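Right, one structure below, let's go through it.
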Amino acid sequence: MSEKILVLGANGNVGRPLVQALLAKGERVKAASRSGTAIGGAEGAVFDYDKPETFATAFDGVDRAYVLLPGGNVNSRELLTPVIEALAARKVKVVLQTALGVDADDSIPYRQVELALERSGTPCVILRPNWFADNFHNFWLGGILQGNIALPAGEGKTSFIDVRDIAASAAAVLTTHRFDGQAFNLTGATAHSYAEAATLIGSTIDKPVRYTAIDDETFVRNMVQIGLSEAYARFLAMIFYPVREGWTAAVNDTVQTLTGQPARSLQDYLRDHVRDLKG
Ligand SMILES: NC(=O)c1ccc[n+]([C@@H]2O[C@H](COP(=O)([O-])OP(=O)(O)OC[C@H]3O[C@@H](n4cnc5c(N)ncnc54)[C@H](OP(=O)(O)O)[C@@H]3O)[C@@H](O)[C@H]2O)c1
């Protein structure tokens with residue numbers, strides 16, 4: 001493996017620590033963003049899912065690529081499939097980030113993207129992370145600052161994963177052939193309900209934070225009010241169903257298997273993000 005690794009979404013939650021992890025392993029990295037600016041010491045590359053004319057230059061000199069759907073989008077099949085086809089035509093190894101549970105049914109759009117990748121014949125690995133711990137200082141920060149995280153999560157537990165562990169797992173599978181052809185569910189070290197998470201966040205930032213279980217319609221209204229599109233808010237509401245059912249509570253040791261290090265706990269994440277959680 002001597003050519004460059006392309007990281008799509010390199011400015012994002014997973015992309016930034018992934019670029020750092022790959023550079024630390026001595027890899028040559030093309031960090032893709034819509035602006036094409038250099039990121040964290042890696043070469044910048046212009047890439048826009050909506051502009052296929054950016055693909056060829058971004059893919060030039062690349063033998064491996066990390067592919068993910070930028071947050072805020074719901075059209076995974078339409079955006080990701082052409083990118084995967086173009087990479088596969090060049091025999092580029094693709095590591096695809098989807099989400100825990102998408103393999104529950106082959107009609108799920110994200111699963112159809114996974115199947116298209118598997119059938120493409122190009123070397124590949126699929127990573128399916130659970131809900132990110134980092135959502136607390138991104139999506140849910142407004143609620144934390146008001147002392148109330150209101151979500152349609154019921155009492156369900158989730159093994160929240162730190163994006164640094166997703167990035168370390170991605171860096172591992174991008175730099176060996178050992179895991180090619182496999183799909184991995186990635187979880188954090190421990191599962192917590194949102195009520196437990198709220199209590200832990202409160203003691204981390206030294207301020208009372210509670211959790212309120214709300215219905216889907218209230219959630220969608222709240223999310224639209226803070227600027228999310230209604231389509232994305234409805235998509236988020238839909239994916240809280242598996243949380244309420246307890247399907248996101250599973251804990252596995254895949255991060256350890258892939259990286260040699262155990263996954264971080266929610267407490268580890270909170271300890272490292274005190275400033276972010278204070279807003
Ligand atoms: N959040 C969760 O709990 C969770 C759980 C499981 C799976 N996931 C999956 O993870 C994905 C998000 O990963 P993430 O949070 O690392 O991504 P992200 O931070 O939301 O987005 C990554 C980057 O994509 C770039 N981008 C936006 N629109 C683009 C476009 N049209 N073309 C090219 N680049 C574009 C943006 O950078 P520039 O503006 O610099 O271009 C952005 O920084 C979600 O789609 C979801 O399916 C999320």
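We name chains A, B, ... following the order of the structure tokens; residues begin at 1 in each chain, and ligands are numbered from 1 as shown.
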| query | Taking only C-alpha atoms and all ligand atoms into account, which residues are within 8 Å of ligand 1, as JSON, numbers by chain? | reply | {"A": [8, 9, 10, 11, 12, 13, 14, 15, 32, 33, 34, 35, 36, 47, 48, 49, 50, 51, 68, 69, 70, 71, 72, 73, 74, 76, 97, 98, 99, 100, 128, 129, 130, 131, 132, 133, 134, 135, 160, 163]}
| query | Using the chain letters and numbers from this document, which residues of segment 13-69 of chain A does DSSP assign to helix (DSSP H, G or I), as JSON, numbers by chain? | reply | {"A": [15, 16, 17, 18, 19, 20, 21, 22, 23, 24, 52, 53, 54, 55, 56, 57, 58, 59]}
Which of segment 103-276 of chain A end up as strand (DSSP E or B) when DSSP is run on this backbone - answer as a PDB file with C-alpha atoms, in the first residue's frame?
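Ended up saving to states_33.pdb:
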ATOM      1  CA  CYS A 124     -13.910  -3.081   1.048  1.00  0.00           C
ATOM      2  CA  VAL A 125     -14.706  -2.868   4.749  1.00  0.00           C
ATOM      3  CA  ILE A 126     -17.985  -1.609   6.239  1.00  0.00           C
ATOM      4  CA  LEU A 127     -18.066   0.154   9.620  1.00  0.00           C
ATOM      5  CA  ARG A 128     -21.417   0.570  11.369  1.00  0.00           C
ATOM      6  CA  PRO A 129     -20.983   2.846  14.395  1.00  0.00           C
ATOM      7  CA  PHE A 132     -21.894   9.123  18.534  1.00  0.00           C
ATOM      8  CA  ASN A 148     -32.977  19.551  29.635  1.00  0.00           C
ATOM      9  CA  ILE A 149     -32.154  16.985  26.935  1.00  0.00           C
ATOM     10  CA  ALA A 150     -35.519  16.255  25.292  1.00  0.00           C
ATOM     11  CA  LEU A 151     -35.485  13.292  22.882  1.00  0.00           C
ATOM     12  CA  LYS A 157     -29.962   2.521  26.484  1.00  0.00           C
ATOM     13  CA  THR A 158     -27.214   3.240  23.941  1.00  0.00           C
ATOM     14  CA  ILE A 161     -19.191   5.649  20.720  1.00  0.00           C
ATOM     15  CA  GLN A 182     -15.919  -7.755   6.480  1.00  0.00           C
ATOM     16  CA  ALA A 183     -18.503  -5.519   8.178  1.00  0.00           C
ATOM     17  CA  PHE A 184     -18.146  -4.396  11.796  1.00  0.00           C
ATOM     18  CA  ASN A 185     -20.617  -2.955  14.304  1.00  0.00           C
ATOM     19  CA  LEU A 186     -18.773  -0.403  16.436  1.00  0.00           C
ATOM     20  CA  HIS A 192     -26.478   4.274  29.190  1.00  0.00           C
ATOM     21  CA  SER A 193     -30.007   5.605  29.016  1.00  0.00           C
ATOM     22  CA  ARG A 210     -32.204  16.224  33.124  1.00  0.00           C
ATOM     23  CA  TYR A 211     -33.675  14.128  30.355  1.00  0.00           C
ATOM     24  CA  THR A 212     -37.254  14.337  29.137  1.00  0.00           C
ATOM     25  CA  ALA A 213     -38.719  11.611  26.933  1.00  0.00           C
TER      26      ALA A 213
END
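Of the listed residues (A:Met223, A:Leu23, A:Leu79, A:Ala250), A:Met223 comes nearest to Ala237 of chain A; the distances count only C-alpha atoms.
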| Could you work out how far atom CA of Ala31 of chain A lies from atom CA of Leu6 of chain A, giving the answer in Å with one decimal? | 6.1 Å
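Minimum distance to Gly260 of chain A across A:Glu217, A:Lys91, A:Ala172, A:Gly156 (counting only C-alpha atoms) occurs at A:Ala172.
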| request: Determine the nearest neighbour of Ile5 of chain A from the options A:Ser159, A:Ile39, A:Leu174, A:Ser229, counting only C-alpha atoms. | output: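 Once distances to Ile5 of chain A are computed over only C-alpha atoms, the minimum belongs to A:Leu174.
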| Proximity to Thr259 of chain A - best of A:Ala195, A:Ala45, A:Ala171, A:Ala24, only C-alpha atoms |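 With only C-alpha atoms as the atom set, the closest residue is A:Ala171.
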| Between A:Asp215, A:Asp162, A:Glu78, A:Glu85, which one has atoms that come closest to Tyr110 of chain A, using only C-alpha atoms? | A:Glu78
